[in-house]
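Participant: The following file, start-v9.txt, comprises compact mmCIF, C-alpha atoms:
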```txt
# COMPACT_ATOMS: atom_id res chain seq x y z
CA MET C 1 171.20 103.56 179.19
CA LYS C 2 171.79 105.66 176.04
CA THR C 3 174.78 107.29 174.42
CA ILE C 4 174.66 111.02 173.66
CA GLU C 5 173.98 110.28 169.97
CA GLU C 6 171.13 107.91 170.87
CA LEU C 7 169.74 110.59 173.16
CA LYS C 8 169.83 113.17 170.35
CA CYS C 9 168.08 110.78 167.98
CA SER C 10 165.34 110.06 170.53
CA ILE C 11 164.32 113.72 170.82
CA VAL C 12 161.03 114.53 169.13
CA ASP C 13 160.67 118.05 167.77
CA ILE C 14 158.06 120.05 169.67
CA ASN C 15 156.02 122.50 167.65
CA TYR C 16 155.20 125.92 168.97
CA ILE C 17 151.69 127.33 169.07
CA ILE C 18 152.94 130.86 169.69
CA GLU C 19 156.57 131.30 168.68
CA ASP C 20 158.92 131.55 171.68
CA MET C 21 155.98 131.58 174.07
CA ILE C 22 153.54 128.63 173.97
CA ARG C 23 154.42 125.09 172.80
CA GLU C 24 152.37 121.98 172.21
CA ASN C 25 152.01 119.70 175.23
CA GLY C 26 152.77 122.58 177.61
CA LEU C 27 151.04 123.86 180.74
CA TYR C 28 150.84 127.63 181.24
CA CYS C 29 149.25 130.15 183.57
CA LEU C 30 147.74 133.51 182.57
CA LEU C 31 147.75 135.73 185.65
CA GLY C 32 146.27 139.09 186.56
CA GLU C 33 144.43 141.03 189.22
CA ALA C 34 140.62 141.09 189.28
CA LYS C 35 139.04 143.05 186.41
CA VAL C 36 142.40 143.65 184.67
CA GLY C 37 141.21 141.96 181.47
CA LYS C 38 142.45 138.37 181.76
CA SER C 39 139.53 136.95 179.79
CA ALA C 40 139.90 139.63 177.12
CA ILE C 41 143.55 138.83 176.46
CA ALA C 42 142.75 135.09 176.58
CA LEU C 43 140.18 135.63 173.81
CA GLN C 44 142.68 137.78 171.92
CA ILE C 45 145.23 134.94 172.06
CA ALA C 46 142.53 132.47 171.02
CA ASN C 47 141.64 134.65 168.04
CA SER C 48 145.29 134.93 166.96
CA VAL C 49 145.94 131.18 167.18
CA ALA C 50 142.62 130.12 165.62
CA ASN C 51 143.30 132.35 162.60
CA GLY C 52 147.09 132.08 162.43
CA PHE C 53 147.45 135.80 163.16
CA PRO C 54 150.58 137.08 164.97
CA PHE C 55 150.22 137.69 168.69
CA LEU C 56 152.34 140.64 169.93
CA ASN C 57 154.36 140.30 166.72
CA LEU C 58 155.08 136.61 167.46
CA LYS C 59 154.19 133.99 164.84
CA THR C 60 151.44 131.49 165.57
CA ASN C 61 150.75 128.01 164.22
CA LYS C 62 147.09 128.01 163.22
CA THR C 63 145.10 125.47 165.24
CA PRO C 64 141.58 125.15 166.68
CA VAL C 65 141.09 126.51 170.20
CA LEU C 66 138.91 125.14 173.02
CA TYR C 67 137.72 127.72 175.57
CA LEU C 68 136.41 126.31 178.86
CA SER C 69 134.76 129.20 180.70
CA THR C 70 133.44 129.18 184.25
CA GLU C 71 133.03 132.97 184.50
CA MET C 72 131.47 134.18 181.24
CA ASN C 73 128.23 132.51 180.22
CA PRO C 74 127.46 131.99 176.50
CA SER C 75 125.70 135.34 175.97
CA GLU C 76 128.49 137.22 177.79
CA THR C 77 131.10 135.42 175.71
CA ILE C 78 129.36 136.23 172.43
CA SER C 79 128.94 139.86 173.50
CA ARG C 80 132.64 140.09 174.34
CA ILE C 81 133.68 138.50 171.03
CA LYS C 82 131.47 140.94 169.09
CA PHE C 83 132.72 143.94 171.07
CA MET C 84 136.35 142.96 170.49
CA GLU C 85 135.56 142.37 166.79
CA LEU C 86 137.21 138.95 166.83
CA SER C 87 136.98 136.72 163.76
CA LEU C 88 136.26 133.36 165.42
CA ASN C 89 134.31 130.70 163.52
CA ASN C 90 132.72 127.28 163.96
CA LYS C 91 135.70 125.34 162.62
CA ASP C 92 138.36 126.86 164.83
CA PHE C 93 136.77 127.95 168.12
CA PHE C 94 134.93 125.72 170.57
CA TYR C 95 133.36 126.70 173.88
CA THR C 96 132.24 124.95 177.07
CA PHE C 97 130.34 126.41 180.04
CA PRO C 98 129.06 124.76 183.28
CA GLU C 99 125.66 123.19 182.73
CA ASP C 100 122.57 122.98 184.96
CA ASN C 101 123.41 126.22 186.81
CA LEU C 102 126.61 124.75 188.21
CA THR C 103 129.47 127.08 189.12
CA GLN C 104 132.22 124.58 188.30
CA ILE C 105 133.18 122.11 185.57
CA SER C 106 134.32 118.68 186.77
CA ILE C 107 137.77 117.51 185.74
CA LEU C 108 136.07 114.48 184.15
CA LYS C 109 133.98 116.81 181.96
CA VAL C 110 137.14 118.77 181.12
CA GLU C 111 138.90 115.60 179.98
CA LYS C 112 135.90 114.49 177.92
CA GLU C 113 135.81 117.87 176.14
CA ILE C 114 139.57 117.91 175.51
CA ALA C 115 139.52 114.32 174.21
CA GLU C 116 136.82 115.14 171.64
CA PHE C 117 138.53 118.41 170.77
CA SER C 118 141.85 116.70 170.15
CA GLU C 119 140.65 113.55 168.40
CA LYS C 120 137.87 115.04 166.26
CA TYR C 121 139.28 118.47 165.44
CA ASN C 122 143.03 118.00 166.03
CA GLY C 123 142.98 121.08 168.29
CA LYS C 124 146.14 122.05 170.15
CA LEU C 125 145.25 124.94 172.51
CA VAL C 126 142.91 124.87 175.51
CA PHE C 127 141.97 127.72 177.85
CA ILE C 128 140.59 127.09 181.34
CA ASP C 129 139.05 130.36 182.52
CA MET C 130 139.09 130.30 185.56
CA PHE C 131 141.36 127.82 187.32
CA ASN C 132 139.23 127.85 190.48
CA GLY C 133 136.20 126.97 188.37
CA ILE C 134 137.39 123.37 187.92
CA ASN C 135 136.17 120.69 190.33
CA PHE C 136 139.03 118.23 190.72
CA GLY C 137 136.90 115.65 192.48
CA ASN C 138 138.24 115.98 196.02
CA ASN C 139 138.99 118.60 198.61
CA TYR C 140 142.23 120.48 198.23
CA ASP C 141 143.83 123.59 199.64
CA LEU C 142 144.89 126.19 197.08
CA ASN C 143 147.57 127.35 199.52
CA ASN C 144 148.97 123.88 200.19
CA TYR C 145 152.05 123.04 198.13
CA GLN C 146 151.62 119.29 198.44
CA ASP C 147 147.96 119.35 197.41
CA MET C 148 148.75 121.43 194.35
CA SER C 149 152.00 119.82 193.24
CA GLN C 150 151.06 116.17 193.89
CA ASN C 151 147.35 116.17 193.14
CA ILE C 152 145.99 119.07 191.10
CA PHE C 153 148.73 119.90 188.61
CA PRO C 154 149.53 116.25 187.80
CA GLN C 155 145.91 115.93 186.60
CA LEU C 156 146.35 118.90 184.28
CA ARG C 157 149.75 117.70 183.12
CA LYS C 158 148.23 114.31 182.29
CA LEU C 159 145.71 116.00 179.99
CA CYS C 160 148.53 117.81 178.18
CA ASN C 161 150.45 114.58 177.69
CA ASN C 162 147.52 112.32 176.76
CA TYR C 163 146.04 114.66 174.16
CA ASN C 164 149.13 116.64 173.08
CA VAL C 165 147.52 119.99 173.84
CA ALA C 166 148.78 123.16 175.46
CA ILE C 167 146.63 124.23 178.40
CA ILE C 168 146.53 127.82 179.63
CA ILE C 169 144.85 128.22 183.01
CA VAL C 170 143.60 131.69 183.91
CA HIS C 171 144.21 132.63 187.54
CA HIS C 172 144.49 135.57 189.94
CA LEU C 173 147.49 137.51 191.21
CA ASN C 174 147.61 138.31 194.92
CA ARG C 175 148.28 141.77 196.39
CA LYS C 176 152.04 141.16 196.19
CA GLY C 177 151.86 140.48 192.46
CA LYS C 178 152.40 136.73 192.88
CA SER C 179 150.19 133.82 191.87
CA LEU C 180 147.32 133.48 194.34
CA GLY C 181 147.81 130.40 196.51
CA SER C 182 150.70 127.97 196.78
CA THR C 183 154.02 128.55 195.03
CA ALA C 184 153.30 125.23 193.29
CA ILE C 185 151.26 127.25 190.80
CA ASP C 186 154.52 128.90 189.72
CA THR C 187 156.78 125.87 189.87
CA CYS C 188 154.49 123.30 188.20
CA VAL C 189 153.77 125.21 184.98
CA ASP C 190 156.02 125.57 181.94
CA GLY C 191 155.43 129.30 181.69
CA LYS C 192 153.61 132.29 183.18
CA ILE C 193 152.01 135.29 181.49
CA ALA C 194 151.36 138.06 184.02
CA LEU C 195 149.27 141.10 183.06
CA LYS C 196 149.31 144.34 185.07
CA GLN C 197 147.55 147.65 184.46
CA ASP C 198 149.33 150.96 184.94
CA GLU C 199 148.05 152.67 188.08
CA ASN C 200 147.90 156.10 186.45
CA ILE C 201 147.47 155.48 182.73
CA LYS C 202 144.60 153.02 182.49
CA SER C 203 145.11 152.29 178.80
CA THR C 204 148.69 151.11 179.46
CA PHE C 205 149.44 147.53 180.49
CA TYR C 206 152.59 145.55 181.31
CA LEU C 207 152.87 141.93 180.27
CA LYS C 208 155.66 139.84 181.76
CA TYR C 209 156.40 136.38 180.35
CA GLU C 210 158.57 133.77 182.09
CA SER C 211 159.22 130.23 180.87
CA ARG C 212 161.50 127.26 181.26
CA ASP C 213 161.54 126.77 177.47
CA TYR C 214 161.89 130.27 176.03
CA PRO C 215 163.60 133.56 176.98
CA SER C 216 161.73 135.91 179.31
CA LYS C 217 159.87 138.80 177.71
CA ASP C 218 158.54 142.16 178.88
CA TYR C 219 155.98 144.14 176.93
CA VAL C 220 154.48 147.59 177.35
CA LEU C 221 151.02 147.42 175.79
CA LYS C 222 148.26 149.86 174.87
CA ARG C 223 144.60 148.81 175.01
CA ASN C 224 142.30 150.23 172.36
CA GLU C 225 138.57 150.92 172.56
CA ASN C 226 137.81 147.28 171.65
CA LEU C 227 139.94 145.90 174.52
CA ILE C 228 142.66 144.70 172.14
CA LEU C 229 146.21 144.94 173.51
CA LYS C 230 148.98 146.02 171.15
CA ILE C 231 152.66 146.76 171.66
CA ASP C 232 153.20 150.38 172.69
CA ASN C 233 155.48 152.21 170.29
CA PHE C 234 156.73 154.40 173.14
CA THR C 235 155.62 157.66 171.57
CA ASP C 236 156.20 160.98 173.32
CA GLU C 237 152.52 161.18 174.22
CA VAL C 238 152.67 158.83 177.21
CA TRP C 239 155.38 158.21 179.76
CA ASN C 240 155.95 154.63 180.75
CA GLU C 241 155.69 153.80 184.48
CA ASN C 242 159.30 152.63 184.57
CA ILE C 243 160.60 155.76 182.87
CA MET C 244 158.68 157.94 185.34
CA THR C 245 160.24 156.08 188.27
CA PHE C 246 163.70 156.51 186.75
CA PHE C 247 163.05 160.20 185.96
CA ARG C 248 162.07 160.98 189.57
CA TYR C 249 165.21 159.20 190.77
CA SER C 250 167.32 161.24 188.32
CA ILE C 251 165.90 164.54 189.62
CA ASN C 252 167.14 163.64 193.11
CA MET C 253 170.53 162.29 192.01
CA LYS C 254 171.31 165.10 189.49
CA GLU C 255 174.31 163.32 187.95
CA PHE C 256 175.22 159.61 188.11
CA THR C 257 176.53 156.60 186.20
CA PHE C 258 174.62 153.33 185.93
CA THR C 259 173.88 150.18 183.96
CA ALA C 260 170.40 149.02 182.98
CA SER C 261 170.72 146.14 185.44
CA ASP C 262 171.62 148.60 188.22
CA MET C 263 168.42 150.59 187.70
CA VAL C 264 166.11 147.59 187.28
CA SER C 265 167.39 146.16 190.57
CA LYS C 266 167.68 149.40 192.56
CA LEU C 267 164.33 150.89 191.52
CA LYS C 268 162.50 147.52 191.31
CA LEU C 269 161.36 148.30 187.77
CA ASN C 270 158.78 146.08 186.12
CA VAL C 271 161.00 145.22 183.12
CA ILE C 272 164.10 143.20 182.34
CA PRO C 273 167.35 145.19 181.78
CA SER C 274 167.35 144.86 177.98
CA THR C 275 163.82 146.28 177.80
CA PHE C 276 164.76 149.17 180.08
CA GLY C 277 167.64 149.98 177.74
CA LYS C 278 165.16 150.17 174.85
CA LEU C 279 162.89 152.42 176.91
CA LEU C 280 165.76 154.83 177.51
CA ALA C 281 166.57 154.92 173.80
CA ASN C 282 162.94 155.46 172.78
CA HIS C 283 162.42 158.24 175.35
CA LYS C 284 165.79 159.95 174.83
CA GLU C 285 164.49 163.11 173.15
CA GLU C 286 161.56 163.43 175.52
CA LEU C 287 163.85 163.11 178.55
CA GLU C 288 166.16 165.79 177.13
CA ARG C 289 163.24 168.19 176.67
CA ASN C 290 162.53 167.73 180.37
CA GLY C 291 166.08 168.33 181.54
CA LEU C 292 167.62 164.86 181.62
CA VAL C 293 170.46 164.06 179.24
CA ILE C 294 171.67 160.46 179.02
CA GLU C 295 174.78 159.28 177.21
CA SER C 296 175.94 155.71 176.85
CA LYS C 297 179.02 153.78 175.81
CA ARG C 298 179.79 150.12 175.37
CA THR C 299 182.58 148.67 177.53
CA ALA C 300 184.10 145.21 177.20
CA THR C 301 181.45 143.71 179.48
CA GLU C 302 178.45 146.06 179.58
CA ARG C 303 176.74 149.21 178.38
CA LEU C 304 177.44 152.11 180.76
CA TYR C 305 175.10 155.11 181.01
CA THR C 306 175.77 158.59 182.36
CA ALA C 307 172.79 160.72 183.37
CA LYS C 308 172.81 164.46 184.08
CA TYR C 309 169.73 166.40 185.17
CA LYS C 310 169.25 170.19 185.16
CA GLU C 311 166.03 172.10 185.54
CA PRO C 312 164.96 172.62 181.91
CA LEU C 313 165.07 176.11 180.41
CA GLU C 314 162.54 177.43 177.94
CA PHE C 315 164.61 176.89 174.79
CA ASP C 316 163.53 175.49 171.48
CA SER C 317 164.25 171.76 171.28
CA ASP C 318 165.70 172.37 167.79
CA ASP C 319 168.11 175.06 169.01
CA LEU C 320 171.20 172.86 169.33
CA ASP C 321 173.59 175.71 170.18
CA SER C 322 171.61 176.86 173.21
CA LYS C 323 171.11 173.25 174.35
CA GLU C 324 174.81 172.44 174.14
CA GLU C 325 175.72 175.64 175.97
CA TYR C 326 173.18 174.87 178.67
CA TYR C 327 174.38 171.31 179.30
CA GLY C 328 178.04 172.13 178.90
CA SER C 329 178.55 169.50 176.20
```
Output the file's structure in the form of structure tokens.
Facilitator:
Amino acid sequence: MKTIEELKCSIVDINYIIEDMIRENGLYCLLGEAKVGKSAIALQIANSVANGFPFLNLKTNKTPVLYLSTEMNPSETISRIKFMELSLNNKDFFYTFPEDNLTQISILKVEKEIAEFSEKYNGKLVFIDMFNGINFGNNYDLNNYQDMSQNIFPQLRKLCNNYNVAIIIVHHLNRKGKSLGSTAIDTCVDGKIALKQDENIKSTFYLKYESRDYPSKDYVLKRNENLILKIDNFTDEVWNENIMTFFRYSINMKEFTFTASDMVSKLKLNVIPSTFGKLLANHKEELERNGLVIESKRTATERLYTAKYKEPLEFDSDDLDSKEEYYGS
């Protein structure tokens, strides 16, 4: 039994690997549909951490990275690294691939690699790409909660604890946008990074981060010609999926009052309310040019928006007098 002061004194500070996203001794899952670019963003994260570069404007603590791949063979991995123009080197990036034409890596081999990585190189971040490429030594059902929560994930958690590393497992999303298999995959990890591609604008991606340690985050990302994802600056050139959904709703409603939370819930938008508020602000002028005027005010408890849609006339966007006359403001 400990007093509250004794409890405070017993807490050991935990260092982050990626600020407000990935911590040492943590277990995480990187999720996405097939061919969405899970391995590419995993390598991008590895490059940021291995070099101490920011990742999505978040600070990183420079540390060696171990990449256990069961999907990309060595030549494919090197080709991808060259194509992405990543600056990985012998001191900070280590790679393992199934040997002897095997399709899986045994959990014993995984532990041996992580032990050497931790003890010899003091590495702190490990990728397992893919999760289903690890042989855990016995039969298990990916869809069975008990198998996953009492057998599989405790083995991974043990590796995190024994070697003080963060492990990110790469895994698939199902058709409903959830982790493929048992819900244990969601409940047994410390955080999830889910990547989704826009159905219409293929260079636009949505990254959703959820964690028990840090605040949730939503990002709208653009992918360049080298497969690198960067935060979208919300320019007028491209309309975000969430803004398009809201715009279509506004055309039908004509005039209405709402909060960001109202719209996220009602329209099932793929962002958190605070991010949707930023989207509205960043697209304000573009929405006005297309007939939708939005005003907002802060009340004691929330920010309240008023939207009014009229079919846009052919006036100059800089002609304030004609615009004010048209909208009656």
Participant: Which residues come within 10 Å of Asn15 (chain C), counting all atoms listed in the file, excluding same-chain residues fewer than 4 positions away, as a VMD selection string?
Facilitator: chain C and resid 19 22 to 25 61
Participant: Could you check the closest approach to Leu86 (chain C) for each of C:Ala281, C:Leu43, C:Arg303, C:Leu30 and tell me which residue wins, using all atoms listed in the file?
Facilitator: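 Among C:Ala281, C:Leu43, C:Arg303, C:Leu30, it is C:Leu43 that comes nearest to Leu86 (chain C).
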Participant: Calculated over only C-alpha atoms, which of the candidates C:Ala40, C:Met244, C:Leu108, C:Ile167 has the smallest distance to Leu280 (chain C)?
Facilitator: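 The closest residue to Leu280 (chain C) is C:Met244.
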Participant: List the spatial neighbours of Gly123 (chain C) as an mmCIF file with C-alpha atoms, keeping the file's coordinate frame - criterion: any atom at most 7 Å away, all atoms listed in the file, same-chain residues fewer than 2 positions off excluded.
Facilitator:
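Dumped to result36.cif:
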```
data_model
loop_
_atom_site.group_PDB
_atom_site.id
_atom_site.type_symbol
_atom_site.label_atom_id
_atom_site.label_comp_id
_atom_site.auth_asym_id
_atom_site.auth_seq_id
_atom_site.Cartn_x
_atom_site.Cartn_y
_atom_site.Cartn_z
ATOM 1 C CA THR C 63 145.100 125.470 165.240
ATOM 2 C CA PRO C 64 141.580 125.150 166.680
ATOM 3 C CA VAL C 65 141.090 126.510 170.200
ATOM 4 C CA PHE C 117 138.530 118.410 170.770
ATOM 5 C CA SER C 118 141.850 116.700 170.150
ATOM 6 C CA TYR C 121 139.280 118.470 165.440
ATOM 7 C CA LEU C 125 145.250 124.940 172.510
#
```
Participant: Of the residues C:Tyr163, C:Tyr214, C:Phe153, C:Phe83, which is the one nearest to Asn122 (chain C), using all atoms listed in the file?
Facilitator: C:Tyr163
Participant: Let me have the centre and edge lengths of the axis-aligned box enclosing all listed atoms of region 127-144 of chain C with 6 Å padding on every side, in Å to one decimal, as JSON.
Facilitator:
```
{"center_x": 142.6, "center_y": 123.0, "center_z": 189.0, "size_x": 24.8, "size_y": 26.7, "size_z": 34.3}
```
Participant: Using CA of Asp190 (chain C) and CA of Lys38 (chain C) as the two end points, give the distance in Å to one decimal.
Facilitator: 18.7 Å
Participant: Counting all atoms listed in the file, figure out which residue out of C:Leu142, C:Val271, C:Val293, C:Ile17 gets nearest to Leu180 (chain C).
Facilitator: C:Leu142
Participant: May I have the protein, DNA and RNA residues with any atom at most 9 Å from the point (142.4, 129.5, 182.5), counting only C-alpha atoms, written as a list in words?
Facilitator: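 Output of the proximity query reads Tyr28, Cys29, Leu30, Leu31, Lys38, Ser39, Ala42, Tyr67, Leu68, Ser69, Val126, Phe127, Ile128, Asp129, Met130, Phe131, Asn132, Gly133, Ile167, Ile168, Ile169, Val170 and His171 of chain C.
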Participant: Expressed in Å to a single decimal, how great is the separation between CA of Asp20 (chain C) and CA of Thr60 (chain C)?
Facilitator: 9.7 Å
Participant: For Gly177 (chain C), which residue out of C:Asn162, C:Asn240, C:Asn270, C:Thr103 is the nearest one, using all atoms listed in the file?
Facilitator: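 Closest candidate: C:Asn270.
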Participant: Can you tell me how far CA of Asp100 (chain C) sits from CA of Glu33 (chain C), in Å to one decimal?
Facilitator: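 Value for the CA of Asp100 (chain C)-CA of Glu33 (chain C) distance: 28.7 Å.
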Participant: Using only C-alpha atoms, which of C:Val110, C:Ser48, C:Cys160, C:Lys196 sits nearest Lys176 (chain C)?
Facilitator: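 Checking each candidate against Lys176 (chain C), we get C:Lys196 as the closest.
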Participant: Show me the residues around (150.5, 132.1, 195.2) - criterion: an atom at most 12 Å away, all atoms listed in the file counted - as a PyMOL selection string.
Facilitator: chain C and resi 29+31-32+141-145+148+171-188
Participant: Could you name the residues that touch Ile294 (chain C) at 12 Å or less, counting only C-alpha atoms, but leaving out those on the same chain fewer than 2 positions away, as a PyMOL selection string?
Facilitator: chain C and resi 246-247+250+254-259+277+280-292+296-297+304-310+327+329
Participant: Using only C-alpha atoms, which residues sit within 9 Å of Leu88 (chain C) once same-chain residues fewer than 5 positions away are excluded, as a ChimeraX atom specification?
Facilitator: /C:46-47,50-51,81,93
Participant: Output C-alpha atoms for every residue in the selection just made, as a JSON list (two decimals), in the frame of the given file.
Facilitator:
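Result went into out_25.json, see below:
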```json
[["chain", "number", "residue", "atom", "x", "y", "z"],
["C", 46, "ALA", "CA", 142.53, 132.47, 171.02],
["C", 47, "ASN", "CA", 141.64, 134.65, 168.04],
["C", 50, "ALA", "CA", 142.62, 130.12, 165.62],
["C", 51, "ASN", "CA", 143.30, 132.35, 162.60],
["C", 81, "ILE", "CA", 133.68, 138.50, 171.03],
["C", 93, "PHE", "CA", 136.77, 127.95, 168.12]]
```
Participant: Hey, what's within 12 Å of Asn138 (chain C) if we count all atoms listed in the file and toss same-chain stuff fewer than 6 positions away? As a list in words, please?
Facilitator: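 So the residues in contact are Ser106, Ile107, Asp147, Met148, Asn151 and Ile152 of chain C.
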